[in-house]
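Asker: Dropping in query31.txt, with compact mmCIF, N, CA and C atoms and all ligand atoms.
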# COMPACT_ATOMS: atom_id res chain seq x y z
N MET S 1 43.87 91.93 25.11
CA MET S 1 42.44 92.20 25.31
C MET S 1 41.62 91.17 24.54
N ASN S 2 40.73 90.48 25.22
CA ASN S 2 39.92 89.50 24.50
C ASN S 2 38.70 90.18 23.87
N ILE S 3 38.05 89.43 23.01
CA ILE S 3 36.98 90.02 22.21
C ILE S 3 35.79 90.44 23.09
N GLU S 4 35.52 89.67 24.14
CA GLU S 4 34.40 90.04 25.01
C GLU S 4 34.66 91.35 25.75
N HIS S 5 35.91 91.53 26.12
CA HIS S 5 36.28 92.78 26.78
C HIS S 5 36.10 93.96 25.83
N LEU S 6 36.52 93.75 24.59
CA LEU S 6 36.39 94.79 23.58
C LEU S 6 34.91 95.12 23.34
N TYR S 7 34.09 94.09 23.23
CA TYR S 7 32.66 94.28 23.01
C TYR S 7 32.04 95.08 24.16
N ARG S 8 32.44 94.70 25.39
CA ARG S 8 31.88 95.37 26.56
C ARG S 8 32.28 96.85 26.56
N GLN S 9 33.50 97.11 26.09
CA GLN S 9 33.98 98.49 26.05
C GLN S 9 33.16 99.33 25.05
N VAL S 10 32.86 98.72 23.89
CA VAL S 10 32.06 99.44 22.88
C VAL S 10 30.67 99.75 23.45
N ILE S 11 30.09 98.76 24.15
CA ILE S 11 28.76 98.95 24.73
C ILE S 11 28.79 100.05 25.79
N MET S 12 29.80 100.04 26.66
CA MET S 12 29.88 101.08 27.70
C MET S 12 30.14 102.45 27.11
N ASP S 13 30.89 102.48 26.01
CA ASP S 13 31.18 103.73 25.33
C ASP S 13 29.90 104.38 24.80
N HIS S 14 29.05 103.57 24.17
CA HIS S 14 27.77 104.09 23.65
C HIS S 14 26.81 104.44 24.78
N TYR S 15 26.95 103.74 25.92
CA TYR S 15 26.09 104.03 27.07
C TYR S 15 26.46 105.38 27.68
N LYS S 16 27.77 105.60 27.83
CA LYS S 16 28.23 106.84 28.47
C LYS S 16 28.18 108.03 27.53
N ASN S 17 28.44 107.79 26.27
CA ASN S 17 28.46 108.87 25.26
C ASN S 17 27.54 108.52 24.10
N PRO S 18 26.22 108.50 24.35
CA PRO S 18 25.31 108.07 23.29
C PRO S 18 25.29 109.04 22.12
N LYS S 19 25.17 108.48 20.93
CA LYS S 19 25.08 109.29 19.71
C LYS S 19 23.61 109.54 19.38
N ASN S 20 23.34 110.75 18.89
CA ASN S 20 21.99 111.11 18.40
C ASN S 20 20.92 111.01 19.49
N LYS S 21 21.32 111.25 20.73
CA LYS S 21 20.36 111.18 21.83
C LYS S 21 19.60 112.50 21.97
N GLY S 22 18.33 112.39 22.32
CA GLY S 22 17.49 113.57 22.51
C GLY S 22 16.45 113.66 21.41
N LEU S 23 15.22 114.00 21.82
CA LEU S 23 14.13 114.06 20.85
C LEU S 23 13.97 115.48 20.31
N VAL S 24 13.28 115.58 19.18
CA VAL S 24 12.98 116.88 18.60
C VAL S 24 11.47 117.07 18.54
N ALA S 25 11.05 118.32 18.70
CA ALA S 25 9.62 118.65 18.58
C ALA S 25 9.36 119.03 17.13
N ASP S 26 9.18 118.02 16.29
CA ASP S 26 9.04 118.25 14.85
C ASP S 26 8.13 117.14 14.33
N ASN S 27 6.95 117.52 13.85
CA ASN S 27 6.00 116.47 13.47
C ASN S 27 6.29 115.86 12.09
N SER S 28 7.40 116.24 11.47
CA SER S 28 7.81 115.52 10.26
C SER S 28 8.56 114.23 10.61
N TYR S 29 8.83 114.05 11.90
CA TYR S 29 9.45 112.81 12.37
C TYR S 29 8.36 111.80 12.74
N MET S 30 8.65 110.53 12.49
CA MET S 30 7.77 109.46 13.00
C MET S 30 8.31 109.04 14.36
N THR S 31 7.43 109.09 15.36
CA THR S 31 7.83 108.79 16.73
C THR S 31 7.19 107.48 17.20
N VAL S 32 8.00 106.60 17.77
CA VAL S 32 7.48 105.35 18.34
C VAL S 32 8.07 105.18 19.74
N HIS S 33 7.18 104.90 20.69
CA HIS S 33 7.60 104.66 22.07
C HIS S 33 7.33 103.21 22.43
N LEU S 34 8.32 102.55 22.99
CA LEU S 34 8.15 101.16 23.43
C LEU S 34 8.73 101.01 24.83
N ASN S 35 8.19 100.03 25.56
CA ASN S 35 8.83 99.72 26.83
C ASN S 35 9.03 98.22 26.98
N ASN S 36 9.88 97.90 27.92
CA ASN S 36 10.28 96.52 28.17
C ASN S 36 10.06 96.26 29.66
N PRO S 37 8.85 95.78 29.99
CA PRO S 37 8.50 95.66 31.42
C PRO S 37 9.45 94.73 32.19
N SER S 38 10.04 93.76 31.51
CA SER S 38 10.87 92.79 32.23
C SER S 38 12.12 93.44 32.82
N CYS S 39 12.52 94.59 32.27
CA CYS S 39 13.74 95.23 32.77
C CYS S 39 13.47 96.67 33.19
N GLY S 40 12.29 97.21 32.83
CA GLY S 40 11.98 98.60 33.15
C GLY S 40 12.52 99.59 32.14
N ASP S 41 12.94 99.09 30.99
CA ASP S 41 13.46 99.99 29.95
C ASP S 41 12.32 100.72 29.26
N GLU S 42 12.56 101.99 28.96
CA GLU S 42 11.63 102.80 28.17
C GLU S 42 12.42 103.40 27.03
N MET S 43 11.86 103.37 25.82
CA MET S 43 12.61 103.92 24.70
C MET S 43 11.69 104.61 23.71
N THR S 44 12.07 105.82 23.32
CA THR S 44 11.37 106.54 22.26
C THR S 44 12.36 106.75 21.11
N VAL S 45 11.92 106.42 19.91
CA VAL S 45 12.76 106.60 18.72
C VAL S 45 12.01 107.50 17.74
N GLN S 46 12.74 108.42 17.14
CA GLN S 46 12.17 109.29 16.11
C GLN S 46 12.98 109.14 14.83
N LEU S 47 12.28 108.96 13.73
CA LEU S 47 12.94 108.83 12.43
C LEU S 47 12.42 109.90 11.49
N LYS S 48 13.32 110.49 10.74
CA LYS S 48 12.92 111.36 9.65
C LYS S 48 13.36 110.70 8.35
N VAL S 49 12.40 110.53 7.45
CA VAL S 49 12.68 109.89 6.17
C VAL S 49 12.25 110.85 5.06
N VAL S 50 13.18 111.14 4.16
CA VAL S 50 12.90 112.02 3.03
C VAL S 50 13.26 111.25 1.76
N ASP S 51 12.29 111.10 0.85
CA ASP S 51 12.52 110.36 -0.40
C ASP S 51 13.15 108.99 -0.13
N HIS S 52 12.58 108.26 0.79
CA HIS S 52 13.03 106.90 1.13
C HIS S 52 14.43 106.86 1.74
N GLN S 53 14.92 107.98 2.18
CA GLN S 53 16.24 108.03 2.80
C GLN S 53 16.08 108.50 4.25
N ILE S 54 16.70 107.78 5.18
CA ILE S 54 16.66 108.20 6.58
C ILE S 54 17.63 109.37 6.74
N THR S 55 17.10 110.53 7.08
CA THR S 55 17.96 111.70 7.21
C THR S 55 18.27 112.04 8.66
N ASP S 56 17.48 111.48 9.60
CA ASP S 56 17.81 111.69 11.02
C ASP S 56 17.20 110.56 11.85
N VAL S 57 17.92 110.20 12.89
CA VAL S 57 17.47 109.19 13.84
C VAL S 57 17.72 109.76 15.23
N ARG S 58 16.69 109.84 16.04
CA ARG S 58 16.83 110.33 17.42
C ARG S 58 16.33 109.25 18.37
N HIS S 59 16.86 109.24 19.56
CA HIS S 59 16.37 108.29 20.57
C HIS S 59 16.51 108.91 21.94
N GLN S 60 15.61 108.50 22.83
CA GLN S 60 15.64 108.97 24.20
C GLN S 60 15.03 107.88 25.05
N GLY S 61 15.73 107.47 26.05
CA GLY S 61 15.16 106.41 26.88
C GLY S 61 15.82 106.35 28.23
N THR S 62 15.21 105.54 29.07
CA THR S 62 15.82 105.25 30.35
C THR S 62 15.84 103.74 30.46
N GLY S 63 16.92 103.23 30.97
CA GLY S 63 17.00 101.79 31.10
C GLY S 63 18.41 101.32 31.34
N CYS S 64 18.60 100.05 31.11
CA CYS S 64 19.90 99.44 31.40
C CYS S 64 20.91 99.81 30.32
N SER S 65 22.15 99.48 30.57
CA SER S 65 23.23 99.84 29.65
C SER S 65 23.05 99.16 28.29
N ILE S 66 22.53 97.94 28.28
CA ILE S 66 22.35 97.22 27.00
C ILE S 66 21.31 97.95 26.15
N CYS S 67 20.20 98.33 26.77
CA CYS S 67 19.12 98.98 26.05
C CYS S 67 19.55 100.36 25.53
N CYS S 68 20.13 101.17 26.39
CA CYS S 68 20.49 102.54 26.01
C CYS S 68 21.62 102.56 24.98
N SER S 69 22.62 101.70 25.19
CA SER S 69 23.75 101.68 24.25
C SER S 69 23.29 101.16 22.90
N SER S 70 22.41 100.18 22.92
CA SER S 70 21.94 99.58 21.67
C SER S 70 21.14 100.59 20.83
N ALA S 71 20.41 101.47 21.49
CA ALA S 71 19.67 102.51 20.77
C ALA S 71 20.63 103.49 20.10
N SER S 72 21.73 103.79 20.79
CA SER S 72 22.75 104.66 20.20
C SER S 72 23.39 104.00 18.98
N VAL S 73 23.72 102.73 19.11
CA VAL S 73 24.31 101.98 17.99
C VAL S 73 23.32 101.90 16.83
N MET S 74 22.05 101.68 17.14
CA MET S 74 21.00 101.63 16.11
C MET S 74 20.97 102.95 15.35
N SER S 75 21.04 104.08 16.07
CA SER S 75 20.93 105.39 15.41
C SER S 75 22.09 105.61 14.44
N VAL S 76 23.27 105.17 14.84
CA VAL S 76 24.45 105.34 13.98
C VAL S 76 24.36 104.39 12.78
N THR S 77 23.87 103.18 13.04
CA THR S 77 23.81 102.15 11.99
C THR S 77 22.79 102.50 10.90
N LEU S 78 21.67 103.09 11.31
CA LEU S 78 20.59 103.34 10.34
C LEU S 78 20.67 104.72 9.68
N MET S 79 21.46 105.61 10.25
CA MET S 79 21.56 106.97 9.72
C MET S 79 21.98 106.96 8.25
N ASN S 80 21.23 107.72 7.44
CA ASN S 80 21.53 107.89 6.01
C ASN S 80 21.34 106.63 5.17
N GLN S 81 20.68 105.63 5.72
CA GLN S 81 20.36 104.44 4.92
C GLN S 81 19.00 104.64 4.24
N SER S 82 18.78 103.88 3.18
CA SER S 82 17.44 103.90 2.58
C SER S 82 16.49 103.16 3.51
N ASP S 83 15.19 103.45 3.40
CA ASP S 83 14.24 102.81 4.31
C ASP S 83 14.23 101.29 4.14
N GLU S 84 14.30 100.82 2.88
CA GLU S 84 14.28 99.37 2.65
C GLU S 84 15.54 98.70 3.21
N HIS S 85 16.68 99.33 2.98
CA HIS S 85 17.93 98.74 3.48
C HIS S 85 17.95 98.75 5.01
N ALA S 86 17.40 99.80 5.60
CA ALA S 86 17.33 99.88 7.06
C ALA S 86 16.52 98.70 7.62
N LEU S 87 15.42 98.36 6.95
CA LEU S 87 14.62 97.22 7.41
C LEU S 87 15.42 95.92 7.31
N SER S 88 16.24 95.79 6.27
CA SER S 88 17.10 94.60 6.14
C SER S 88 18.14 94.56 7.26
N ILE S 89 18.72 95.72 7.56
CA ILE S 89 19.72 95.79 8.64
C ILE S 89 19.08 95.37 9.96
N ILE S 90 17.89 95.90 10.23
CA ILE S 90 17.19 95.57 11.48
C ILE S 90 16.92 94.07 11.54
N HIS S 91 16.49 93.49 10.42
CA HIS S 91 16.23 92.05 10.37
C HIS S 91 17.50 91.26 10.71
N GLU S 92 18.62 91.67 10.14
CA GLU S 92 19.88 90.96 10.42
C GLU S 92 20.29 91.14 11.88
N PHE S 93 20.00 92.31 12.46
CA PHE S 93 20.31 92.51 13.88
C PHE S 93 19.51 91.54 14.75
N PHE S 94 18.23 91.33 14.39
CA PHE S 94 17.40 90.39 15.16
C PHE S 94 17.95 88.96 15.02
N GLU S 95 18.46 88.61 13.84
CA GLU S 95 19.08 87.29 13.65
C GLU S 95 20.30 87.15 14.56
N LEU S 96 21.13 88.18 14.55
CA LEU S 96 22.35 88.18 15.38
C LEU S 96 22.02 88.02 16.86
N ILE S 97 20.99 88.77 17.30
CA ILE S 97 20.60 88.75 18.71
C ILE S 97 20.11 87.37 19.14
N LYS S 98 19.48 86.66 18.20
CA LYS S 98 18.98 85.33 18.52
C LYS S 98 20.08 84.28 18.42
N GLY S 99 21.27 84.70 18.01
CA GLY S 99 22.39 83.77 17.89
C GLY S 99 22.40 83.03 16.56
N TYR S 100 21.62 83.53 15.60
CA TYR S 100 21.57 82.91 14.28
C TYR S 100 22.65 83.52 13.40
N PRO S 101 23.00 82.82 12.31
CA PRO S 101 23.92 83.44 11.34
C PRO S 101 23.29 84.70 10.77
N PHE S 102 24.10 85.72 10.56
CA PHE S 102 23.56 86.96 9.99
C PHE S 102 24.45 87.40 8.84
N ASN S 103 23.89 88.25 7.99
CA ASN S 103 24.59 88.70 6.80
C ASN S 103 25.53 89.86 7.15
N THR S 104 26.82 89.57 7.10
CA THR S 104 27.82 90.58 7.50
C THR S 104 27.99 91.67 6.43
N ASP S 105 27.42 91.45 5.23
CA ASP S 105 27.44 92.53 4.24
C ASP S 105 26.38 93.57 4.56
N VAL S 106 25.33 93.14 5.27
CA VAL S 106 24.22 94.05 5.59
C VAL S 106 24.43 94.68 6.96
N LEU S 107 24.77 93.85 7.94
CA LEU S 107 24.94 94.35 9.32
C LEU S 107 26.43 94.47 9.63
N LYS S 108 26.86 95.71 9.80
CA LYS S 108 28.29 95.97 10.02
C LYS S 108 28.45 96.93 11.20
N GLY S 109 29.69 97.13 11.58
CA GLY S 109 30.00 98.16 12.57
C GLY S 109 29.75 97.70 13.99
N ASP S 110 29.49 98.67 14.85
CA ASP S 110 29.39 98.40 16.29
C ASP S 110 28.27 97.43 16.64
N ALA S 111 27.25 97.30 15.79
CA ALA S 111 26.10 96.46 16.11
C ALA S 111 26.50 95.01 16.39
N ILE S 112 27.58 94.55 15.80
CA ILE S 112 27.96 93.14 15.97
C ILE S 112 28.40 92.82 17.40
N VAL S 113 28.69 93.86 18.20
CA VAL S 113 29.12 93.58 19.58
C VAL S 113 28.00 92.95 20.42
N TYR S 114 26.77 93.04 19.92
CA TYR S 114 25.65 92.49 20.71
C TYR S 114 25.43 91.00 20.47
N GLN S 115 26.30 90.37 19.67
CA GLN S 115 26.06 88.94 19.41
C GLN S 115 26.17 88.11 20.67
N GLY S 116 26.92 88.58 21.67
CA GLY S 116 27.03 87.85 22.93
C GLY S 116 25.73 87.81 23.72
N VAL S 117 24.81 88.74 23.40
CA VAL S 117 23.54 88.84 24.13
C VAL S 117 22.71 87.57 23.94
N ALA S 118 22.93 86.86 22.82
CA ALA S 118 22.18 85.63 22.55
C ALA S 118 22.31 84.62 23.70
N GLN S 119 23.42 84.70 24.42
CA GLN S 119 23.63 83.78 25.54
C GLN S 119 22.83 84.18 26.78
N PHE S 120 22.22 85.37 26.75
CA PHE S 120 21.47 85.87 27.92
C PHE S 120 20.05 86.23 27.48
N PRO S 121 19.18 85.22 27.35
CA PRO S 121 17.84 85.46 26.79
C PRO S 121 17.08 86.60 27.47
N ALA S 122 17.30 86.80 28.76
CA ALA S 122 16.59 87.86 29.48
C ALA S 122 16.96 89.24 28.96
N ARG S 123 18.14 89.36 28.33
CA ARG S 123 18.59 90.67 27.86
C ARG S 123 18.26 90.93 26.40
N ILE S 124 17.68 89.93 25.73
CA ILE S 124 17.39 90.11 24.30
C ILE S 124 16.42 91.26 24.08
N LYS S 125 15.41 91.37 24.94
CA LYS S 125 14.44 92.47 24.80
C LYS S 125 15.11 93.82 25.03
N CYS S 126 16.10 93.86 25.92
CA CYS S 126 16.84 95.10 26.17
C CYS S 126 17.57 95.53 24.89
N ALA S 127 18.25 94.58 24.28
CA ALA S 127 19.11 94.90 23.13
C ALA S 127 18.30 95.26 21.89
N THR S 128 17.06 94.77 21.82
CA THR S 128 16.28 94.98 20.59
C THR S 128 15.26 96.12 20.70
N LEU S 129 15.09 96.70 21.89
CA LEU S 129 13.99 97.67 22.09
C LEU S 129 14.07 98.85 21.11
N GLY S 130 15.22 99.49 21.04
CA GLY S 130 15.38 100.64 20.14
C GLY S 130 15.23 100.25 18.67
N TRP S 131 15.72 99.06 18.34
CA TRP S 131 15.64 98.57 16.96
C TRP S 131 14.20 98.25 16.59
N LYS S 132 13.43 97.70 17.55
CA LYS S 132 12.02 97.41 17.29
C LYS S 132 11.25 98.71 17.08
N ALA S 133 11.58 99.72 17.87
CA ALA S 133 10.91 101.02 17.71
C ALA S 133 11.22 101.61 16.33
N ALA S 134 12.47 101.49 15.90
CA ALA S 134 12.86 102.00 14.58
C ALA S 134 12.12 101.23 13.48
N GLU S 135 12.02 99.90 13.65
CA GLU S 135 11.32 99.08 12.66
C GLU S 135 9.85 99.51 12.56
N GLN S 136 9.21 99.71 13.73
CA GLN S 136 7.80 100.13 13.72
C GLN S 136 7.64 101.49 13.07
N ALA S 137 8.58 102.39 13.32
CA ALA S 137 8.51 103.73 12.71
C ALA S 137 8.61 103.62 11.19
N LEU S 138 9.50 102.77 10.71
CA LEU S 138 9.67 102.60 9.26
C LEU S 138 8.41 101.99 8.63
N ILE S 139 7.83 101.02 9.33
CA ILE S 139 6.61 100.38 8.81
C ILE S 139 5.46 101.38 8.78
N LYS S 140 5.34 102.20 9.82
CA LYS S 140 4.27 103.21 9.85
C LYS S 140 4.45 104.24 8.74
N LEU S 141 5.70 104.63 8.50
CA LEU S 141 5.97 105.60 7.43
C LEU S 141 5.58 105.02 6.08
N LYS S 142 5.86 103.71 5.89
CA LYS S 142 5.50 103.05 4.64
C LYS S 142 3.99 103.02 4.47
N GLU S 143 3.28 102.71 5.56
CA GLU S 143 1.81 102.66 5.51
C GLU S 143 1.25 104.04 5.21
N ASP S 144 1.80 105.05 5.84
CA ASP S 144 1.35 106.43 5.59
C ASP S 144 1.54 106.79 4.13
N ALA S 145 2.68 106.40 3.57
CA ALA S 145 2.99 106.74 2.18
C ALA S 145 2.00 106.04 1.24
N ARG S 146 1.65 104.79 1.59
CA ARG S 146 0.73 104.01 0.75
C ARG S 146 -0.67 104.62 0.76
N HIS S 147 -1.07 105.11 1.94
CA HIS S 147 -2.42 105.66 2.04
C HIS S 147 -2.49 107.15 1.72
N GLY S 148 -1.36 107.69 1.28
CA GLY S 148 -1.32 109.11 0.92
C GLY S 148 -1.46 109.93 2.17
ZN ZN V 1 17.19 96.35 29.97
What does this structure look like when you write it as structure tokens?

Answerer:
Amino acid sequence: MNIEHLYRQVIMDHYKNPKNKGLVADNSYMTVHLNNPSCGDEMTVQLKVVDHQITDVRHQGTGCSICCSSASVMSVTLMNQSDEHALSIIHEFFELIKGYPFNTDVLKGDAIVYQGVAQFPARIKCATLGWKAAEQALIKLKEDARHG
């Protein structure tokens, strides 16, 4: 089995059996909705942060396999991380997606399977949609905390 085949399998696995899928009706979560008109992807991400720790990550979307699987991988990757570390992880994921060197001490696990996406610029927005929503949620939570 070559590495690309393995990567594709991980992506299809998260697409068919997404982790942490489904939204909650709970206003202690920060909710961010984003769409990707170039592919028709829609993604909503909800984050719950308690004492700077991410205690839950939810996602719900419709779209291509890259977008939906990537949101599942994002939820697993960011779960139980501190808010600051989560922002670092997201930053490294964006580096990986662009085909740049990334910090393997920060970004680990299934997320690395998306490094092949760098060869397909049209799919970069698909792969990053859920991660961008999570980043915006974290930034909004930080702003809320600053303004009391
Ligand atoms: Zn897409």

Asker: Enumerate residues in contact with ligand ZN 1 (chain V): an atom-to-atom distance of at most 8 Å, counting only C-alpha atoms and all ligand atoms. Format the result as a ChimeraX atom specification.

Answerer: /S:36,38-41,63-67,123,125-127

Asker: So, counting all atoms listed in the file, which residue among S:Lys142, S:Lys48, S:Arg8, S:His91 is closest to S:Ser28?

Answerer: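 The answer is S:Lys48, which sits nearest to S:Ser28.
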
Asker: Looking at S:Asp105, S:Glu135, S:Glu143, S:Asp83, which one is nearest to S:Asp51, with distances taken over all atoms listed in the file?

Answerer: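 Comparing S:Asp105, S:Glu135, S:Glu143, S:Asp83 against S:Asp51, the winner is S:Asp83.
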
Asker: Identify which of the residues S:Phe102, S:Ser70, S:Gln46, S:Asp144 lies closest to S:Ala25, counting only C-alpha atoms when measuring atom-to-atom distances.

Answerer: S:Gln46

Asker: Looking at all atoms listed in the file, which of S:Val45, S:Ile3, S:Ala111, S:Ile11 is the one that sits closest to S:Leu23?

Answerer: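 Residue with the minimum atom-to-atom distance to S:Leu23: S:Val45.
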
Asker: So that I can check the surroundings of S:Ser75, please list as JSON, numbers by chain every protein, DNA and RNA residue that reaches within 12 Å of it, counting only C-alpha atoms and ignoring chain neighbours fewer than 2 positions away.

Answerer: {"S": [14, 18, 19, 20, 21, 22, 44, 45, 46, 47, 48, 54, 55, 56, 57, 58, 59, 60, 68, 69, 70, 71, 72, 73, 77, 78, 79, 80, 81, 86, 89, 90, 109, 110, 111, 130, 131, 133, 134, 135]}

Asker: In Å, with one decimal, what is the gap from atom CA of S:Val49 to atom CA of S:Leu96?

Answerer: 25.5 Å

Asker: Report the residues of chain S whose backbone DSSP state falls under strand (DSSP E), written as a ChimeraX atom specification.

Answerer: /S:30-36,41-50,53-62

Asker: Quick check for you: according to DSSP on this backbone, which residues of stretch 12-139 of chain S are classed as helix (DSSP H, G or I)? Reply as a PyMOL selection string.

Answerer: chain S and resi 12-16+65-78+83-97+109-119+121-139

Asker: Using all atoms listed in the file for the distances, tell me which of S:Leu107, S:Met12, S:Ala137, S:Val117 is nearest to S:Met30.

Answerer: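 Ranking S:Leu107, S:Met12, S:Ala137, S:Val117 by distance to S:Met30, first place goes to S:Ala137.
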
Asker: Using only N, CA and C atoms, pick whichever of S:Val113, S:Pro37, S:His52, S:Thr31 has the shortest atom-to-atom distance to S:Gln136.

Answerer: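 Of the candidates, the smallest distance to S:Gln136 is held by S:Thr31.
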
Asker: Report, in Å with one decimal, the straight-line distance from atom CA of S:Ser82 to atom CA of S:Val50.

Answerer: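 For atom CA of S:Ser82 relative to atom CA of S:Val50, the distance reads 9.3 Å.
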
Asker: Report the distance between atom CA of S:Ala122 and atom CA of S:Thr62 in Å, rounded to one decimal place.

Answerer: 17.4 Å

Asker: Can you tell me which residues surround S:Phe93 at a distance of at most 10 Å, considering only C-alpha atoms, apart from same-chain residues fewer than 5 positions away, and format the answer as a PDB file with N, CA and C atoms, keeping the file's coordinate frame?

Answerer:
ATOM      1  N   MET S  74      22.050 101.680  17.140  1.00  0.00           N
ATOM      2  CA  MET S  74      21.000 101.630  16.110  1.00  0.00           C
ATOM      3  C   MET S  74      20.970 102.950  15.350  1.00  0.00           C
ATOM      4  N   LEU S  87      15.420  98.360   6.950  1.00  0.00           N
ATOM      5  CA  LEU S  87      14.620  97.220   7.410  1.00  0.00           C
ATOM      6  C   LEU S  87      15.420  95.920   7.310  1.00  0.00           C
ATOM      7  N   SER S  88      16.240  95.790   6.270  1.00  0.00           N
ATOM      8  CA  SER S  88      17.100  94.600   6.140  1.00  0.00           C
ATOM      9  C   SER S  88      18.140  94.560   7.260  1.00  0.00           C
ATOM     10  N   LYS S  98      19.480  86.660  18.200  1.00  0.00           N
ATOM     11  CA  LYS S  98      18.980  85.330  18.520  1.00  0.00           C
ATOM     12  C   LYS S  98      20.080  84.280  18.420  1.00  0.00           C
ATOM     13  N   GLY S  99      21.270  84.700  18.010  1.00  0.00           N
ATOM     14  CA  GLY S  99      22.390  83.770  17.890  1.00  0.00           C
ATOM     15  C   GLY S  99      22.400  83.030  16.560  1.00  0.00           C
ATOM     16  N   TYR S 100      21.620  83.530  15.600  1.00  0.00           N
ATOM     17  CA  TYR S 100      21.570  82.910  14.280  1.00  0.00           C
ATOM     18  C   TYR S 100      22.650  83.520  13.400  1.00  0.00           C
ATOM     19  N   PHE S 102      24.100  85.720  10.560  1.00  0.00           N
ATOM     20  CA  PHE S 102      23.560  86.960   9.990  1.00  0.00           C
ATOM     21  C   PHE S 102      24.450  87.400   8.840  1.00  0.00           C
ATOM     22  N   ASN S 103      23.890  88.250   7.990  1.00  0.00           N
ATOM     23  CA  ASN S 103      24.590  88.700   6.800  1.00  0.00           C
ATOM     24  C   ASN S 103      25.530  89.860   7.150  1.00  0.00           C
ATOM     25  N   VAL S 106      25.330  93.140   5.270  1.00  0.00           N
ATOM     26  CA  VAL S 106      24.220  94.050   5.590  1.00  0.00           C
ATOM     27  C   VAL S 106      24.430  94.680   6.960  1.00  0.00           C
ATOM     28  N   LEU S 107      24.770  93.850   7.940  1.00  0.00           N
ATOM     29  CA  LEU S 107      24.940  94.350   9.320  1.00  0.00           C
ATOM     30  C   LEU S 107      26.430  94.470   9.630  1.00  0.00           C
ATOM     31  N   LYS S 108      26.860  95.710   9.800  1.00  0.00           N
ATOM     32  CA  LYS S 108      28.290  95.970  10.020  1.00  0.00           C
ATOM     33  C   LYS S 108      28.450  96.930  11.200  1.00  0.00           C
ATOM     34  N   ALA S 111      27.250  97.300  15.790  1.00  0.00           N
ATOM     35  CA  ALA S 111      26.100  96.460  16.110  1.00  0.00           C
ATOM     36  C   ALA S 111      26.500  95.010  16.390  1.00  0.00           C
ATOM     37  N   ILE S 112      27.580  94.550  15.800  1.00  0.00           N
ATOM     38  CA  ILE S 112      27.960  93.140  15.970  1.00  0.00           C
ATOM     39  C   ILE S 112      28.400  92.820  17.400  1.00  0.00           C
ATOM     40  N   TYR S 114      26.770  93.040  19.920  1.00  0.00           N
ATOM     41  CA  TYR S 114      25.650  92.490  20.710  1.00  0.00           C
ATOM     42  C   TYR S 114      25.430  91.000  20.470  1.00  0.00           C
ATOM     43  N   GLN S 115      26.300  90.370  19.670  1.00  0.00           N
ATOM     44  CA  GLN S 115      26.060  88.940  19.410  1.00  0.00           C
ATOM     45  C   GLN S 115      26.170  88.110  20.670  1.00  0.00           C
ATOM     46  N   ALA S 127      18.250  94.580  24.280  1.00  0.00           N
ATOM     47  CA  ALA S 127      19.110  94.900  23.130  1.00  0.00           C
ATOM     48  C   ALA S 127      18.300  95.260  21.890  1.00  0.00           C
ATOM     49  N   THR S 128      17.060  94.770  21.820  1.00  0.00           N
ATOM     50  CA  THR S 128      16.280  94.980  20.590  1.00  0.00           C
ATOM     51  C   THR S 128      15.260  96.120  20.700  1.00  0.00           C
ATOM     52  N   TRP S 131      15.720  99.060  18.340  1.00  0.00           N
ATOM     53  CA  TRP S 131      15.640  98.570  16.960  1.00  0.00           C
ATOM     54  C   TRP S 131      14.200  98.250  16.590  1.00  0.00           C
TER      55      TRP S 131
END
